[in-house]
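Student: Handing you this structure, nothing more for now.
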Protein chains: 2
Amino acid sequence: MNVTIKDIAKIAGVSYSTVSKALNNSPLVKSDTKERIVAIAKEIGYEPNFAAQRLVSKQTKIIGLIWPTIERVVLSTLVTKISDEINKTPYSMILSVDPVQASLETFRRFQVDGIILFEENVDVAVDPSSTPLLSYGVARKGPANYPIIDANHEQAMYEAVKYLYALNHANIAYIGDFSPTDPMQVQKYKGFVKAMKDFNLPVEEHNLINTSGLDWYDGYTATRKFLSLPNRPTAIVGGSYDISGGIIRGIKEANLDIPKDISIISYDNIPQMENMEIPLTSIGVPVDKLAIEIVQSMIKIIEEKESQPVVIKMTPELTVRASCK
Amino acid sequence: MNVTIKDIAKIAGVSYSTVSKALNNSPLVKSDTKERIVAIAKEIGYEPNFAAQRLVSKQTKIIGLIWPTIERVVLSTLVTKISDEINKTPYSMILSVDPVQASLETFRRFQVDGIILFEENVDVAVDPSSTPLLSYGVARKGPANYPIIDANHEQAMYEAVKYLYALNHANIAYIGDFSPTDPMQVQKYKGFVKAMKDFNLPVEEHNLINTSGLDWYDGYTATRKFLSLPNRPTAIVGGSYDISGGIIRGIKEANLDIPKDISIISYDNIPQMENMEIPLTSIGVPVDKLAIEIVQSMIKIIEEKESQPVVIKMTPELTVRASCK
DNA sequence: ATCAAAAATGAAAACGTTGTTATATTATGT
DNA sequence: ACATAATATAACAACGTTTTCATTTTTGAT
């Protein structure tokens, strides 16, 4: 059987309500007594009973994370970081990999205090009266009825081009997914094109390479194809971590050197960029900062109960490594 | 404020203890009353209060999963499946990506009912009197004081060779990690060598290729190197999902065809094998079955309280796809 | 020394369940 | 019709906290 505050009370010769206050560092109890009680608690290895605390506080101190799409390295890194971040707070995290609606159902049953949703193209009907919800996704036209944290993809791509331009590149290509149904990709595309225009660089067919997908293989095949064409760019912007992996391989296979022959900068700012065949210079919101922002916002929403459906656009950062010249 | 059994009691005109029994389908309450109460509960959207149930039942119905190594596709798939599986039960899962000892600490505080540990080379000192613990890892010499679920790596590799042998291959190479400090890899190595000997196939330097790592790139570089050597094998056993990805690439680059020129079978049995450049024939315990076994065992240990430190060796299965001939 | 105010502690209700025990109701056999 | 057994329902303690309110103790001013 576990140690309770009543056990502590008995040893300390005080009432258990005093113990409760002492352990919560209440100003209502004398500091000598407080110290004595805390010492005893530690001594006999007291751990507060979670269920009892929840019952009276009407909170679960649990945040649910809905993660319907699996197995993209970037996302699993983000999940890890979010978990880390939540563990630093009094909250903890439970994970659901079920489809969105089913997950919401589960979390309601669980009475979690808040829900973080990884949104990919999903538009969720959320009853605003219910559990606080925060989405990591893309801002909509008409704002949803819950807050959204969104990496500024457009700005990221703009900065990528700006950086390459500053390095005197004039023939810059974008290898990425141009799917018009994925808002994230649309943003990236826009940002690239806008920057190119702003710097008076040509935007033509040969420097807009559609991978039709976000995976390694998509980047690889697209690169092979486009390297065989004339008017080869001197710099490439890769649309995702995985795509860029494929790009590197494609370039290597053509016996070209990075960055001597071609510079490359990739979207997605995760530590793994460092460990690629060539450490990739990358642009994007650092995954750590993203995690912190998501968790902080979630907790704020939970605790302040005032969830305006704001959109938080996170600013991308450039991390220079060895792939641009 | 949430609906409680007292609200139901008021509406139904019975005492709340009767409601409790009715909702738990107790034989102590008349079936008419039961139905009526259940109907009302549904009607007004009653959800039992988790904390209250936990407080009285002395259980949390939460299973903690410790996952210290991240970002190996195979493992994240397994985590997903385990989560799925747990969600089918009355339990739910919380995830910790902290180092083992810190995670154990957290989970104790949480009073989780059981802990699943993904063990990679970690030897954990566990106080057997405490929370039930189940490890997914490798059997030790002296059994640990908790149960271990272990894929039979040795048998897997044996079966791989057997399969290739049945396809009339005589020159078979193993491309994998031969690190003597990683017990999983040692098992695989052993299984391969044993099979080769049993089938009277030669085990020489040219068909034991050490990648010194488990990643894509390790497989790729190893393959490039060994393809340049004479006496090229007709079939390859790849040591992991990622390694095999690299092997495929290496072979393709050498302008060889799979399976026409070289057959390849990979360790790890996950659905993603289907989506590789070439759908890979693979051997290993199917990740779904692994997840089911882990979760079932965990729950059994929790509920029966009799955790003998057994080792469960899971039988690998062969999934034939397009990469062997 | 006396008393009021302030400080410290204690008592007890509340949170929403489950499970045990007590009570009321119905059925059964004579 | 009556005792007895079986059945259905109600009452209430218990789980381990937090929090409110009541009580006791200490402090400080007179």
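Chain labels run A, B, ... following the order of the structure tokens; each chain numbers its residues from 1, and ligands are numbered from 1 in the order shown.
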May I have the residues within 8 Å of region 83-89 of chain A as an MDAnalysis selection string, using only C-alpha atoms (C1' of nucleotides) and disregarding those fewer than 2 positions away in the same chain?

Tutor: (chainID A and resid 79:81 91:93 291:292 295) or (chainID B and resid 95:98)

Student: Those residues you just picked out, can you put them in a file as a tab-separated table (two decimals), in the first residue's frame with C-alpha atoms?

Tutor:
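The result, written out as result_21.tsv:
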```tsv
chain	number	residue	atom	x	y	z
A	79	VAL	CA	6.31	14.49	-31.57
A	80	THR	CA	9.37	13.55	-29.60
A	81	LYS	CA	10.20	17.15	-28.87
A	91	TYR	CA	1.23	17.89	-17.65
A	92	SER	CA	1.80	14.68	-19.47
A	93	MET	CA	0.97	13.47	-22.90
A	291	ALA	CA	7.59	22.20	-29.98
A	292	ILE	CA	8.03	24.85	-27.32
A	295	VAL	CA	3.23	23.25	-25.80
B	95	LEU	CA	4.88	7.77	-24.03
B	96	SER	CA	8.22	8.80	-22.66
B	97	VAL	CA	11.24	9.52	-24.76
B	98	ASP	CA	13.45	10.33	-21.82
```

Student: Find the residues of chain D in contact range of chain A, meaning any atom within 12 Å when counting only C-alpha atoms (C1' of nucleotides), and list them as an NGL selection string.

Tutor: :D and (15-20 or 26)

Student: Using only C-alpha atoms (C1' of nucleotides), please write the residues we just selected to a file, as a PDB file, in the first residue's frame.

Tutor:
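File written: part24.pdb
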```pdb
ATOM      1  C1'  DC D  15     -10.416   5.881  -1.929  1.00  0.00           C
ATOM      2  C1'  DG D  16      -6.590  10.356  -1.125  1.00  0.00           C
ATOM      3  C1'  DT D  17      -6.637  14.713  -2.004  1.00  0.00           C
ATOM      4  C1'  DT D  18      -7.866  20.034  -1.684  1.00  0.00           C
ATOM      5  C1'  DT D  19     -10.221  23.675   0.360  1.00  0.00           C
ATOM      6  C1'  DT D  20     -13.299  26.118   3.433  1.00  0.00           C
ATOM      7  C1'  DT D  26       0.610  32.966  19.553  1.00  0.00           C
TER       8       DT D  26
END
```

Student: Can you pull out the residues contacting Ala39 (chain B)? Cut-off 12 Å, using only C-alpha atoms (C1' of nucleotides), and skip same-chain residues under 4 positions away; I want them as a PyMOL selection string.

Tutor: chain B and resi 8+11-12+19+22-23+32-35+43-46

Student: Quick one: which residues from chain C are at most 9 Å off chain A, using only C-alpha atoms (C1' of nucleotides), as a PyMOL selection string?

Tutor: chain C and resi 7-11+14-16

Student: Excluding region 21-29 of chain C and any residue of its chain fewer than 2 positions from it, enumerate the residues within 12 Å of it, using only C-alpha atoms (C1' of nucleotides), and give them as a list in words.

Tutor: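 The residues satisfying every condition are DG19 of chain C; DC2, DA3, DT4, DA5, DA6, DT7, DA8, DT9, DA10, DA11, DC12 and DA13 of chain D.
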
Student: What would the file look like if the residues just selected were written as a PDB file, in the first residue's frame with C-alpha atoms (C1' of nucleotides)?

Tutor:
```pdb
ATOM      1  C1'  DG C  19     -18.494  -2.154  -3.082  1.00  0.00           C
TER       2       DG C  19
ATOM      3  C1'  DC D   2     -47.767 -16.040   7.794  1.00  0.00           C
ATOM      4  C1'  DA D   3     -43.054 -16.933   8.227  1.00  0.00           C
ATOM      5  C1'  DT D   4     -39.086 -17.320   5.436  1.00  0.00           C
ATOM      6  C1'  DA D   5     -36.275 -16.904   1.666  1.00  0.00           C
ATOM      7  C1'  DA D   6     -34.968 -14.495  -2.343  1.00  0.00           C
ATOM      8  C1'  DT D   7     -34.597 -10.292  -4.720  1.00  0.00           C
ATOM      9  C1'  DA D   8     -34.255  -5.483  -5.434  1.00  0.00           C
ATOM     10  C1'  DT D   9     -33.005  -1.146  -3.833  1.00  0.00           C
ATOM     11  C1'  DA D  10     -31.015   2.264  -0.610  1.00  0.00           C
ATOM     12  C1'  DA D  11     -27.546   3.993   2.611  1.00  0.00           C
ATOM     13  C1'  DC D  12     -23.098   4.816   3.460  1.00  0.00           C
ATOM     14  C1'  DA D  13     -18.115   4.127   3.984  1.00  0.00           C
TER      15       DA D  13
END
```

Student: I'd like the interatomic distance between CA of Ala235 (chain B) and CA of Glu277 (chain B), to a tenth of an Å.

Tutor: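 Computed distance, CA of Ala235 (chain B) to CA of Glu277 (chain B), equals 17.4 Å.
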
Student: Near Val100 (chain B), within 7 Å and counting only C-alpha atoms (C1' of nucleotides), which residues show up once chain neighbours fewer than 2 positions away are dropped, as a CSV table (one decimal) with N, CA, C and O atoms, in the first residue's frame?

Tutor:
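This went into part-v4.csv:
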```csv
chain,number,residue,atom,x,y,z
B,66,ILE,N,8.3,3.3,-22.7
B,66,ILE,CA,9.6,4.0,-22.7
B,66,ILE,C,10.3,3.7,-24.0
B,66,ILE,O,10.5,2.5,-24.4
B,68,PRO,N,13.5,5.1,-25.7
B,68,PRO,CA,14.6,6.0,-25.6
B,68,PRO,C,15.3,6.3,-27.0
B,68,PRO,O,15.8,7.3,-27.2
B,98,ASP,N,12.3,10.0,-22.7
B,98,ASP,CA,13.5,10.3,-21.8
B,98,ASP,C,14.3,9.1,-21.7
B,98,ASP,O,13.9,8.0,-22.0
B,102,ALA,N,15.1,8.0,-16.1
B,102,ALA,CA,14.2,9.2,-15.9
B,102,ALA,C,12.8,8.8,-16.2
B,102,ALA,O,11.8,9.2,-15.5
B,103,SER,N,12.6,8.0,-17.2
B,103,SER,CA,11.3,7.6,-17.6
B,103,SER,C,10.7,6.7,-16.5
B,103,SER,O,9.5,6.9,-16.2
B,104,LEU,N,11.4,5.8,-16.0
B,104,LEU,CA,10.9,4.9,-15.0
B,104,LEU,C,10.4,5.8,-13.8
B,104,LEU,O,9.4,5.6,-13.3
```

Student: Once you count only C-alpha atoms, what closest atom pair and distance in Å to one decimal does each residue of region 208-250 of chain A within 8 Å of region 165-179 of chain A have, with rows by chain and rising residue number, as JSON lines?

Tutor:
```
{"residue": "A:Leu208", "atom": "CA", "partner": "A:Tyr174", "partner_atom": "CA", "distance": 5.1}
{"residue": "A:Ile209", "atom": "CA", "partner": "A:Ile175", "partner_atom": "CA", "distance": 4.7}
{"residue": "A:Asn210", "atom": "CA", "partner": "A:Asp177", "partner_atom": "CA", "distance": 5.3}
{"residue": "A:Thr211", "atom": "CA", "partner": "A:Asp177", "partner_atom": "CA", "distance": 5.0}
{"residue": "A:Ser212", "atom": "CA", "partner": "A:Asp177", "partner_atom": "CA", "distance": 4.9}
{"residue": "A:Gly213", "atom": "CA", "partner": "A:Asp177", "partner_atom": "CA", "distance": 5.3}
{"residue": "A:Leu214", "atom": "CA", "partner": "A:Asp177", "partner_atom": "CA", "distance": 6.3}
{"residue": "A:Gly219", "atom": "CA", "partner": "A:Ile175", "partner_atom": "CA", "distance": 7.2}
{"residue": "A:Ala222", "atom": "CA", "partner": "A:Ile175", "partner_atom": "CA", "distance": 7.5}
{"residue": "A:Thr223", "atom": "CA", "partner": "A:Ile175", "partner_atom": "CA", "distance": 7.8}
{"residue": "A:Arg232", "atom": "CA", "partner": "A:Asn171", "partner_atom": "CA", "distance": 7.9}
{"residue": "A:Pro233", "atom": "CA", "partner": "A:Asn171", "partner_atom": "CA", "distance": 4.8}
{"residue": "A:Thr234", "atom": "CA", "partner": "A:Asn171", "partner_atom": "CA", "distance": 5.7}
{"residue": "A:Ala235", "atom": "CA", "partner": "A:Ile172", "partner_atom": "CA", "distance": 4.8}
{"residue": "A:Ile236", "atom": "CA", "partner": "A:Ala173", "partner_atom": "CA", "distance": 4.8}
{"residue": "A:Val237", "atom": "CA", "partner": "A:Tyr174", "partner_atom": "CA", "distance": 4.8}
{"residue": "A:Gly238", "atom": "CA", "partner": "A:Ile175", "partner_atom": "CA", "distance": 5.2}
{"residue": "A:Gly239", "atom": "CA", "partner": "A:Gly176", "partner_atom": "CA", "distance": 4.3}
{"residue": "A:Ser240", "atom": "CA", "partner": "A:Gly176", "partner_atom": "CA", "distance": 7.2}
{"residue": "A:Ile243", "atom": "CA", "partner": "A:Gly176", "partner_atom": "CA", "distance": 7.2}
```

Student: Determine, counting only C-alpha atoms (C1' of nucleotides), which protein, DNA and RNA residues have an atom within 12 Å of an atom of Val73 (chain B); residues of the same chain fewer than 5 positions away are not included. Present the result as a count of residues only.

Tutor: 25

Student: Can you pull out the residues contacting DT30 (chain D)? Cut-off 12 Å, using only C-alpha atoms (C1' of nucleotides), and skip same-chain residues under 2 positions away; I want them as a list of chain:residue names.

Tutor: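 After dropping sequence-adjacent residues, the list is C:DA1, C:DT2, C:DC3, C:DA4, D:DG28.
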